[in-house]
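Have a look at my_file21.cif below; it lists mmCIF, C-alpha atoms.
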```
data_coords
#
loop_
_atom_site.label_atom_id
_atom_site.label_comp_id
_atom_site.auth_asym_id
_atom_site.auth_seq_id
_atom_site.Cartn_x
_atom_site.Cartn_y
_atom_site.Cartn_z
CA MET Y 1 -101.87 27.85 -1.75
CA SER Y 2 -100.78 29.55 -4.95
CA GLU Y 3 -97.66 31.63 -5.21
CA ILE Y 4 -98.12 35.04 -6.83
CA ILE Y 5 -95.80 36.02 -9.68
CA THR Y 6 -95.49 39.66 -10.71
CA SER Y 7 -92.23 39.74 -12.70
CA LYS Y 8 -91.38 38.25 -16.09
CA GLU Y 9 -87.91 37.57 -14.64
CA ASN Y 10 -89.37 34.99 -12.28
CA PRO Y 11 -87.41 31.71 -12.78
CA ALA Y 12 -90.55 29.57 -13.04
CA VAL Y 13 -92.01 31.80 -15.77
CA LYS Y 14 -88.74 31.95 -17.69
CA HIS Y 15 -88.41 28.16 -17.49
CA ALA Y 16 -91.96 27.64 -18.80
CA ALA Y 17 -91.35 30.13 -21.64
CA ARG Y 18 -88.24 28.22 -22.73
CA LEU Y 19 -90.18 24.95 -22.72
CA LEU Y 20 -92.73 26.57 -25.03
CA LYS Y 21 -90.14 27.70 -27.56
CA SER Y 22 -87.39 25.08 -27.59
CA ALA Y 23 -87.64 21.36 -28.41
CA LYS Y 24 -84.01 20.97 -27.36
CA PHE Y 25 -84.77 22.48 -23.96
CA ARG Y 26 -87.82 20.23 -23.57
CA ARG Y 27 -85.66 17.17 -24.17
CA GLN Y 28 -82.99 18.46 -21.80
CA GLU Y 29 -85.50 19.12 -19.01
CA GLU Y 30 -87.71 16.11 -19.84
CA ALA Y 31 -90.68 18.43 -19.51
CA PHE Y 32 -93.13 20.32 -21.71
CA LEU Y 33 -95.71 23.10 -21.47
CA ALA Y 34 -99.41 22.40 -22.00
CA GLU Y 35 -101.75 25.32 -22.61
CA GLY Y 36 -105.48 25.71 -22.33
CA VAL Y 37 -108.27 24.34 -20.19
CA ARG Y 38 -109.00 21.20 -22.18
CA LEU Y 39 -105.40 20.15 -22.78
CA CYS Y 40 -104.35 20.72 -19.17
CA ARG Y 41 -107.44 18.90 -17.92
CA ASP Y 42 -106.72 16.00 -20.29
CA ALA Y 43 -103.17 15.84 -18.92
CA ALA Y 44 -104.49 15.67 -15.36
CA TYR Y 45 -107.07 12.98 -16.14
CA SER Y 46 -104.52 10.98 -18.16
CA GLY Y 47 -102.17 10.67 -15.19
CA VAL Y 48 -99.50 13.04 -16.50
CA ARG Y 49 -97.30 14.38 -13.75
CA ILE Y 50 -97.95 18.13 -13.45
CA LEU Y 51 -94.91 19.86 -12.03
CA ARG Y 52 -96.18 23.45 -12.06
CA MET Y 53 -99.48 25.08 -12.92
CA PHE Y 54 -100.00 28.74 -13.89
CA TYR Y 55 -103.31 30.57 -14.04
CA THR Y 56 -104.72 34.09 -14.15
CA GLU Y 57 -107.51 35.73 -12.14
CA GLU Y 58 -109.58 35.78 -15.33
CA ALA Y 59 -109.11 32.03 -15.76
CA LEU Y 60 -110.14 31.43 -12.15
CA GLU Y 61 -113.36 33.36 -12.74
CA ARG Y 62 -114.17 31.55 -16.01
CA TYR Y 63 -113.01 28.02 -15.13
CA PRO Y 64 -113.12 27.70 -11.32
CA LYS Y 65 -113.57 23.90 -11.24
CA ASP Y 66 -110.76 23.29 -13.72
CA VAL Y 67 -108.39 25.63 -11.90
CA GLU Y 68 -109.15 23.88 -8.60
CA LEU Y 69 -108.57 20.44 -10.16
CA LEU Y 70 -105.23 21.50 -11.62
CA ARG Y 71 -104.12 23.19 -8.40
CA GLU Y 72 -104.77 19.93 -6.58
CA LYS Y 73 -102.86 17.87 -9.15
CA ALA Y 74 -99.91 20.24 -9.55
CA GLU Y 75 -96.86 20.07 -7.31
CA ARG Y 76 -96.76 23.89 -7.32
CA ALA Y 77 -99.32 26.46 -8.46
CA PHE Y 78 -98.75 30.07 -9.50
CA LEU Y 79 -101.10 33.01 -9.99
CA LEU Y 80 -99.87 35.46 -12.61
CA SER Y 81 -101.10 38.50 -14.52
CA GLN Y 82 -102.75 38.37 -17.95
CA GLN Y 83 -99.70 40.13 -19.38
CA LEU Y 84 -97.31 37.50 -18.07
CA ALA Y 85 -99.64 34.78 -19.32
CA GLY Y 86 -99.29 36.19 -22.84
CA GLY Y 87 -95.59 35.33 -22.73
CA LEU Y 88 -96.42 31.65 -22.15
CA SER Y 89 -99.05 31.39 -24.85
CA ALA Y 90 -98.80 30.00 -28.38
CA THR Y 91 -102.40 31.00 -29.19
CA VAL Y 92 -104.02 34.26 -30.29
CA THR Y 93 -106.51 34.30 -27.41
CA PRO Y 94 -104.95 32.54 -24.39
CA GLN Y 95 -107.29 31.12 -21.76
CA GLY Y 96 -104.79 31.82 -18.98
CA ILE Y 97 -104.14 28.24 -17.87
CA PHE Y 98 -100.79 26.48 -18.36
CA CYS Y 99 -99.15 23.36 -16.96
CA VAL Y 100 -95.51 22.34 -16.96
CA CYS Y 101 -95.66 18.55 -17.25
CA ALA Y 102 -93.11 15.75 -17.04
CA MET Y 103 -92.55 13.90 -20.28
CA LEU Y 104 -94.23 10.53 -20.56
CA ASP Y 105 -92.41 7.22 -20.79
CA LYS Y 106 -92.11 6.74 -24.55
CA THR Y 107 -89.68 3.83 -24.85
CA ASP Y 108 -87.33 2.99 -27.68
CA CYS Y 109 -88.47 -0.62 -27.88
CA LEU Y 110 -91.61 -2.43 -29.00
CA ASP Y 111 -92.16 -4.37 -25.79
CA LYS Y 112 -95.09 -2.17 -24.71
CA MET Y 113 -96.88 -2.39 -28.03
CA ASP Y 114 -99.74 -4.85 -28.44
CA ALA Y 115 -98.24 -7.74 -30.43
CA SER Y 116 -101.68 -8.77 -31.67
CA GLY Y 117 -103.03 -5.41 -32.78
CA HIS Y 118 -102.75 -2.86 -35.55
CA LEU Y 119 -100.09 -0.15 -35.56
CA LEU Y 120 -99.10 2.91 -37.54
CA GLY Y 121 -95.50 3.81 -38.30
CA LEU Y 122 -94.47 7.39 -39.10
CA GLU Y 123 -91.10 8.09 -40.69
CA ASP Y 124 -89.76 11.66 -40.42
CA ILE Y 125 -93.10 13.50 -40.37
CA GLN Y 126 -92.06 17.15 -40.14
CA ASP Y 127 -95.24 19.22 -39.96
CA PRO Y 128 -96.57 19.54 -36.38
CA SER Y 129 -100.14 20.05 -37.61
CA ASN Y 130 -99.93 16.84 -39.65
CA LEU Y 131 -98.54 14.88 -36.72
CA GLY Y 132 -101.15 16.20 -34.29
CA THR Y 133 -103.98 15.31 -36.68
CA ILE Y 134 -102.57 11.83 -37.29
CA LEU Y 135 -102.28 11.06 -33.57
CA ARG Y 136 -105.78 12.36 -32.88
CA THR Y 137 -107.18 10.18 -35.67
CA ALA Y 138 -105.19 7.15 -34.52
CA GLU Y 139 -106.71 7.37 -31.07
CA ALA Y 140 -110.20 7.95 -32.44
CA LEU Y 141 -110.01 4.86 -34.68
CA GLY Y 142 -108.57 2.61 -31.99
CA VAL Y 143 -105.12 2.08 -33.49
CA GLY Y 144 -103.03 0.06 -31.04
CA GLY Y 145 -100.05 2.40 -31.10
CA VAL Y 146 -97.85 4.63 -33.22
CA ILE Y 147 -94.15 4.22 -33.96
CA LEU Y 148 -92.29 7.46 -34.70
CA THR Y 149 -88.75 7.86 -35.90
CA LYS Y 150 -86.55 10.41 -34.18
CA GLY Y 151 -86.69 12.39 -37.41
CA CYS Y 152 -90.33 13.26 -36.70
CA CYS Y 153 -91.13 16.65 -35.24
CA ASP Y 154 -91.40 16.94 -31.46
CA ILE Y 155 -94.59 15.35 -30.09
CA TYR Y 156 -94.52 17.91 -27.26
CA SER Y 157 -94.52 20.97 -29.49
CA PRO Y 158 -97.54 23.26 -28.90
CA LYS Y 159 -99.04 22.55 -32.35
CA VAL Y 160 -98.77 18.78 -31.96
CA LEU Y 161 -100.27 18.85 -28.47
CA ARG Y 162 -103.20 21.02 -29.57
CA GLY Y 163 -103.75 19.12 -32.82
CA SER Y 164 -103.74 15.75 -31.09
CA MET Y 165 -106.43 16.90 -28.62
CA GLY Y 166 -104.61 15.09 -25.81
CA ALA Y 167 -103.97 11.88 -27.78
CA VAL Y 168 -100.24 12.30 -27.03
CA PHE Y 169 -101.07 11.61 -23.38
CA ARG Y 170 -103.07 8.44 -23.98
CA LEU Y 171 -101.91 6.77 -27.18
CA PRO Y 172 -99.11 4.19 -26.92
CA LEU Y 173 -96.14 5.75 -28.72
CA MET Y 174 -92.71 4.34 -29.47
CA MET Y 175 -89.70 6.37 -30.52
CA ALA Y 176 -87.40 4.52 -32.94
CA ASP Y 177 -83.97 5.53 -34.17
CA ALA Y 178 -84.73 4.17 -37.64
CA MET Y 179 -87.91 2.74 -39.14
CA GLU Y 180 -85.94 0.08 -40.99
CA GLN Y 181 -84.89 -1.49 -37.68
CA ALA Y 182 -88.37 -1.09 -36.21
CA VAL Y 183 -89.82 -2.97 -39.18
CA LYS Y 184 -87.42 -5.85 -38.60
CA GLU Y 185 -88.55 -6.06 -34.96
CA LEU Y 186 -92.20 -5.95 -36.01
CA LYS Y 187 -91.67 -8.82 -38.43
CA GLN Y 188 -90.04 -10.87 -35.68
CA LYS Y 189 -93.16 -10.32 -33.58
CA GLY Y 190 -95.40 -11.59 -36.37
CA PHE Y 191 -96.66 -8.32 -37.82
CA VAL Y 192 -97.42 -7.91 -41.49
CA THR Y 193 -95.62 -4.72 -42.51
CA LEU Y 194 -97.08 -2.54 -45.27
CA ALA Y 195 -95.21 0.37 -46.86
CA ALA Y 196 -97.58 3.08 -48.12
CA VAL Y 197 -96.31 4.48 -51.42
CA PRO Y 198 -97.81 6.81 -54.08
CA ASN Y 199 -97.40 4.20 -56.80
CA ARG Y 200 -100.32 2.84 -58.78
CA GLU Y 201 -98.46 -0.41 -59.29
CA ALA Y 202 -98.55 -1.11 -55.54
CA GLU Y 203 -101.40 -3.13 -54.03
CA ASN Y 204 -104.70 -1.36 -53.52
CA ILE Y 205 -105.18 -0.74 -49.79
CA THR Y 206 -108.85 -1.76 -50.10
CA GLN Y 207 -107.79 -5.24 -51.19
CA ILE Y 208 -105.63 -6.01 -48.16
CA ASP Y 209 -106.59 -8.57 -45.50
CA PHE Y 210 -106.13 -6.89 -42.13
CA THR Y 211 -107.16 -9.80 -39.93
CA LEU Y 212 -103.53 -10.46 -38.98
CA PRO Y 213 -101.48 -8.10 -36.77
CA THR Y 214 -100.48 -5.32 -39.17
CA ALA Y 215 -98.34 -2.19 -39.21
CA VAL Y 216 -98.90 0.41 -41.94
CA LEU Y 217 -96.01 2.80 -42.53
CA VAL Y 218 -96.30 6.38 -43.77
CA GLY Y 219 -93.35 8.53 -44.80
CA ASN Y 220 -92.15 12.10 -44.86
CA GLU Y 221 -94.39 14.76 -46.46
CA GLY Y 222 -91.97 15.52 -49.30
CA ASN Y 223 -90.00 12.31 -49.79
CA GLY Y 224 -92.22 9.52 -48.55
CA LEU Y 225 -90.73 6.43 -46.96
CA LYS Y 226 -87.01 5.83 -47.31
CA PRO Y 227 -86.13 3.18 -49.92
CA GLU Y 228 -84.43 1.03 -47.28
CA THR Y 229 -87.64 1.08 -45.21
CA VAL Y 230 -89.79 0.09 -48.16
CA SER Y 231 -87.39 -2.71 -49.07
CA VAL Y 232 -87.70 -4.48 -45.70
CA CYS Y 233 -91.50 -4.36 -45.58
CA HIS Y 234 -93.56 -7.36 -46.61
CA ARG Y 235 -95.63 -5.46 -49.17
CA ARG Y 236 -96.22 -2.07 -50.77
CA VAL Y 237 -99.71 -0.56 -50.68
CA THR Y 238 -101.30 2.55 -52.13
CA ILE Y 239 -104.52 4.53 -51.88
CA PRO Y 240 -106.46 4.39 -55.18
CA MET Y 241 -107.03 7.85 -56.68
CA LEU Y 242 -109.09 8.77 -59.73
CA GLY Y 243 -107.90 12.36 -60.13
CA ARG Y 244 -104.63 13.69 -61.48
CA ALA Y 245 -103.01 14.27 -58.07
CA GLU Y 246 -99.99 12.05 -57.57
CA SER Y 247 -100.12 11.98 -53.77
CA LEU Y 248 -102.07 13.09 -50.71
CA ASN Y 249 -101.23 15.22 -47.69
CA ALA Y 250 -99.52 13.02 -45.09
CA SER Y 251 -102.24 13.39 -42.48
CA ILE Y 252 -105.00 12.67 -45.02
CA ALA Y 253 -103.15 9.63 -46.35
CA ALA Y 254 -102.47 8.29 -42.86
CA SER Y 255 -106.11 8.82 -41.86
CA LEU Y 256 -107.43 6.92 -44.90
CA LEU Y 257 -104.96 4.08 -44.36
CA MET Y 258 -105.85 3.80 -40.67
CA TRP Y 259 -109.59 3.89 -41.41
CA GLU Y 260 -109.31 1.06 -43.92
CA MET Y 261 -107.06 -0.99 -41.64
CA MET Y 262 -109.32 -0.63 -38.59
CA ARG Y 263 -112.51 -1.07 -40.63
CA CYS Y 264 -111.30 -4.32 -42.14
CA ALA Y 265 -110.02 -5.48 -38.75
CA GLY Y 266 -113.55 -5.00 -37.40
CA GLU Y 267 -112.61 -2.19 -35.02
CA VAL Y 268 -114.78 0.50 -36.64
CA SER Y 269 -118.12 0.19 -38.42
CA SER Y 270 -118.28 0.86 -42.15
#
```
Show me, as structure tokens, the structure contained in the file I just sent.
Amino acid sequence: MSEIITSKENPAVKHAARLLKSAKFRRQEEAFLAEGVRLCRDAAYSGVRILRMFYTEEALERYPKDVELLREKAERAFLLSQQLAGGLSATVTPQGIFCVCAMLDKTDCLDKMDASGHLLGLEDIQDPSNLGTILRTAEALGVGGVILTKGCCDIYSPKVLRGSMGAVFRLPLMMADAMEQAVKELKQKGFVTLAAVPNREAENITQIDFTLPTAVLVGNEGNGLKPETVSVCHRRVTIPMLGRAESLNASIAASLLMWEMMRCAGEVSS
């Protein structure tokens, strides 16, 4: 049975609204808010623990099977008005379905990463749209996992969740205090570590042998990788460019690097 909510002062609604707006509150509560039919359904199918589910009458009429699935998966379900649903939405045209989910187990060690695969490292990526796109592409190309420094934007922000198309739920992710230390651990595990830099003197990414376990590192949108991170990597690589642009958008650069790495590793067809 669903509980009916009629007031915006309802504690469950206020809690969900705070999760939407505050990364600090999400970390404190170890929970996040997913919005929309596809994202909530992906969470359910990916084994994410759904603490509370909210839906409107309009959503029930349009997506009856999805609402029923989510009501079965959720520990508690709430029916609320379209007006109240607007207060939980980060989109222009909300679909009227929301799930408060428990954060996933994203460890601060590399033990869960495949020691024989190909990884991506992200240092202090700040734009949620960039991060969402990168994670979506990483999953699509079969990257073994992504390492993110704690200086990256919140993976549970609405823009990252939407941009990743649910990849946050399924892709192995590791949170690292500093990429420099993560690189040292990767090297101990036998990974070749490559620092991506916008420098034409660095090695051309198309000339790299990716048959060995490899981690490619991409840095902050404005500053790139930190010098101390670059210094501990085995090699520096760059994407060849013929035009006058000195660098690429972080998500574009990461996508090209991942494509080349997975193509040469035989994971995607050229």
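Proximity to Arg236 of chain Y was assessed for Y:Val13, Y:Cys264, Y:Ala253, Y:Ala196 counting all atoms listed in the file; the smallest distance is recorded for Y:Ala196.
If you count only C-alpha atoms and ignore residues fewer than 6 places along the chain from Val67 of chain Y, what sits within 12 Å of it is Ser2, Gly36, Val37, Arg38, Cys40, Arg41, Ala44, Met53, Phe54, Tyr55, Thr56, Glu57, Glu58, Ala59, Leu60, Glu61, Lys73, Ala74, Ala77, Phe78, Leu79, Gln95, Gly96, Ile97, Phe98 and Cys99 of chain Y.
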- [ ] Evaluate the PyMOL selection byres ((chain Y and resi 151) around 10) on the structure here and hand back the selected residues as a PyMOL selection string.
- [x] chain Y and resi 122-126+148-150+152-154+175-179+220
Task: Answer key for the PyMOL selection byres ((chain Y and resi 135) around 10), residues as an NGL selection string - done: :Y and (120 or 130-134 or 136-141 or 143 or 145-146 or 155 or 160-161 or 163-168 or 170-171 or 173 or 251 or 254-255)
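Using only C-alpha atoms, the nearest neighbour of Asp114 of chain Y within the list Y:Pro158, Y:Gly86, Y:Gly190, Y:Pro128 is Y:Gly190.
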Task: Explicit residues for the PyMOL selection byres ((chain Y and resi 202-210) around 7) (as number ranges by chain) - done: Y: 199-201, 211-212, 214, 236-240, 260-261, 264-265
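Closest to Phe32 of chain Y among Y:Met262, Y:Leu119, Y:Ala102, Y:Gly87 is Y:Ala102, based on all atoms listed in the file.
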Task: Residue contacts of segment 221-226 of chain Y (7 Å, only C-alpha atoms) excluding same-chain residues fewer than 2 positions away, as a ChimeraX atom specification - done: /Y:123,125,218-219,228-230,249-250
Selection from above, C-alpha atoms, as a CSV table (one decimal), in the frame of the given file, can you write it?
```
chain,number,residue,atom,x,y,z
Y,123,GLU,CA,-91.1,8.1,-40.7
Y,125,ILE,CA,-93.1,13.5,-40.4
Y,218,VAL,CA,-96.3,6.4,-43.8
Y,219,GLY,CA,-93.4,8.5,-44.8
Y,228,GLU,CA,-84.4,1.0,-47.3
Y,229,THR,CA,-87.6,1.1,-45.2
Y,230,VAL,CA,-89.8,0.1,-48.2
Y,249,ASN,CA,-101.2,15.2,-47.7
Y,250,ALA,CA,-99.5,13.0,-45.1
```
Quick one: segment 8-19 of chain Y with all heavy atoms, as a compact mmCIF listing (two decimals), keeping the file's coordinate frame?
```txt
# COMPACT_ATOMS: atom_id res chain seq x y z
N LYS Y 8 -91.71 39.16 -14.99
CA LYS Y 8 -91.38 38.25 -16.09
C LYS Y 8 -90.00 37.62 -15.90
O LYS Y 8 -89.64 36.68 -16.62
CB LYS Y 8 -91.43 38.98 -17.42
CG LYS Y 8 -90.41 40.08 -17.58
CD LYS Y 8 -90.53 40.74 -18.94
CE LYS Y 8 -89.48 41.84 -19.12
NZ LYS Y 8 -89.60 42.51 -20.45
N GLU Y 9 -89.23 38.13 -14.94
CA GLU Y 9 -87.91 37.57 -14.64
C GLU Y 9 -88.00 36.41 -13.66
O GLU Y 9 -86.98 35.82 -13.31
CB GLU Y 9 -86.99 38.66 -14.08
CG GLU Y 9 -86.73 39.80 -15.05
CD GLU Y 9 -86.11 39.33 -16.35
OE1 GLU Y 9 -85.20 38.47 -16.30
OE2 GLU Y 9 -86.54 39.81 -17.42
N ASN Y 10 -89.20 36.10 -13.21
CA ASN Y 10 -89.37 34.99 -12.28
C ASN Y 10 -88.85 33.70 -12.92
O ASN Y 10 -89.17 33.39 -14.07
CB ASN Y 10 -90.86 34.83 -11.94
CG ASN Y 10 -91.10 33.68 -10.99
OD1 ASN Y 10 -91.18 32.53 -11.41
ND2 ASN Y 10 -91.24 33.99 -9.71
N PRO Y 11 -88.02 32.92 -12.20
CA PRO Y 11 -87.41 31.71 -12.78
C PRO Y 11 -88.43 30.70 -13.30
O PRO Y 11 -88.20 30.06 -14.34
CB PRO Y 11 -86.60 31.13 -11.62
CG PRO Y 11 -86.31 32.30 -10.74
CD PRO Y 11 -87.51 33.19 -10.85
N ALA Y 12 -89.54 30.54 -12.60
CA ALA Y 12 -90.55 29.57 -13.04
C ALA Y 12 -91.18 29.99 -14.36
O ALA Y 12 -91.43 29.16 -15.25
CB ALA Y 12 -91.63 29.41 -11.97
N VAL Y 13 -91.44 31.28 -14.52
CA VAL Y 13 -92.01 31.80 -15.77
C VAL Y 13 -91.01 31.68 -16.91
O VAL Y 13 -91.36 31.26 -18.02
CB VAL Y 13 -92.46 33.26 -15.59
CG1 VAL Y 13 -92.83 33.88 -16.94
CG2 VAL Y 13 -93.64 33.35 -14.64
N LYS Y 14 -89.77 32.04 -16.67
CA LYS Y 14 -88.74 31.95 -17.69
C LYS Y 14 -88.52 30.50 -18.13
O LYS Y 14 -88.33 30.21 -19.31
CB LYS Y 14 -87.43 32.57 -17.18
CG LYS Y 14 -87.52 34.07 -16.95
CD LYS Y 14 -86.24 34.63 -16.35
CE LYS Y 14 -85.11 34.67 -17.35
NZ LYS Y 14 -83.91 35.36 -16.81
N HIS Y 15 -88.56 29.58 -17.18
CA HIS Y 15 -88.41 28.16 -17.49
C HIS Y 15 -89.55 27.67 -18.37
O HIS Y 15 -89.34 26.98 -19.38
CB HIS Y 15 -88.36 27.36 -16.19
CG HIS Y 15 -88.15 25.89 -16.37
ND1 HIS Y 15 -89.21 25.01 -16.45
CD2 HIS Y 15 -87.03 25.15 -16.51
CE1 HIS Y 15 -88.72 23.78 -16.62
NE2 HIS Y 15 -87.41 23.84 -16.65
N ALA Y 16 -90.79 28.05 -18.02
CA ALA Y 16 -91.96 27.64 -18.80
C ALA Y 16 -91.90 28.22 -20.21
O ALA Y 16 -92.25 27.56 -21.19
CB ALA Y 16 -93.24 28.08 -18.10
N ALA Y 17 -91.45 29.49 -20.33
CA ALA Y 17 -91.35 30.13 -21.64
C ALA Y 17 -90.33 29.42 -22.53
O ALA Y 17 -90.54 29.27 -23.74
CB ALA Y 17 -90.98 31.60 -21.47
N ARG Y 18 -89.24 28.96 -21.95
CA ARG Y 18 -88.24 28.22 -22.73
C ARG Y 18 -88.78 26.87 -23.18
O ARG Y 18 -88.50 26.42 -24.28
CB ARG Y 18 -86.96 28.04 -21.92
CG ARG Y 18 -86.13 29.29 -21.77
CD ARG Y 18 -84.77 28.98 -21.17
NE ARG Y 18 -83.94 28.18 -22.09
CZ ARG Y 18 -82.75 27.67 -21.77
NH1 ARG Y 18 -82.25 27.87 -20.54
NH2 ARG Y 18 -82.06 26.96 -22.64
N LEU Y 19 -89.56 26.23 -22.33
CA LEU Y 19 -90.18 24.95 -22.72
C LEU Y 19 -91.12 25.14 -23.91
O LEU Y 19 -91.22 24.27 -24.78
CB LEU Y 19 -90.94 24.35 -21.55
CG LEU Y 19 -90.12 23.83 -20.36
CD1 LEU Y 19 -91.04 23.38 -19.25
CD2 LEU Y 19 -89.21 22.68 -20.79
```
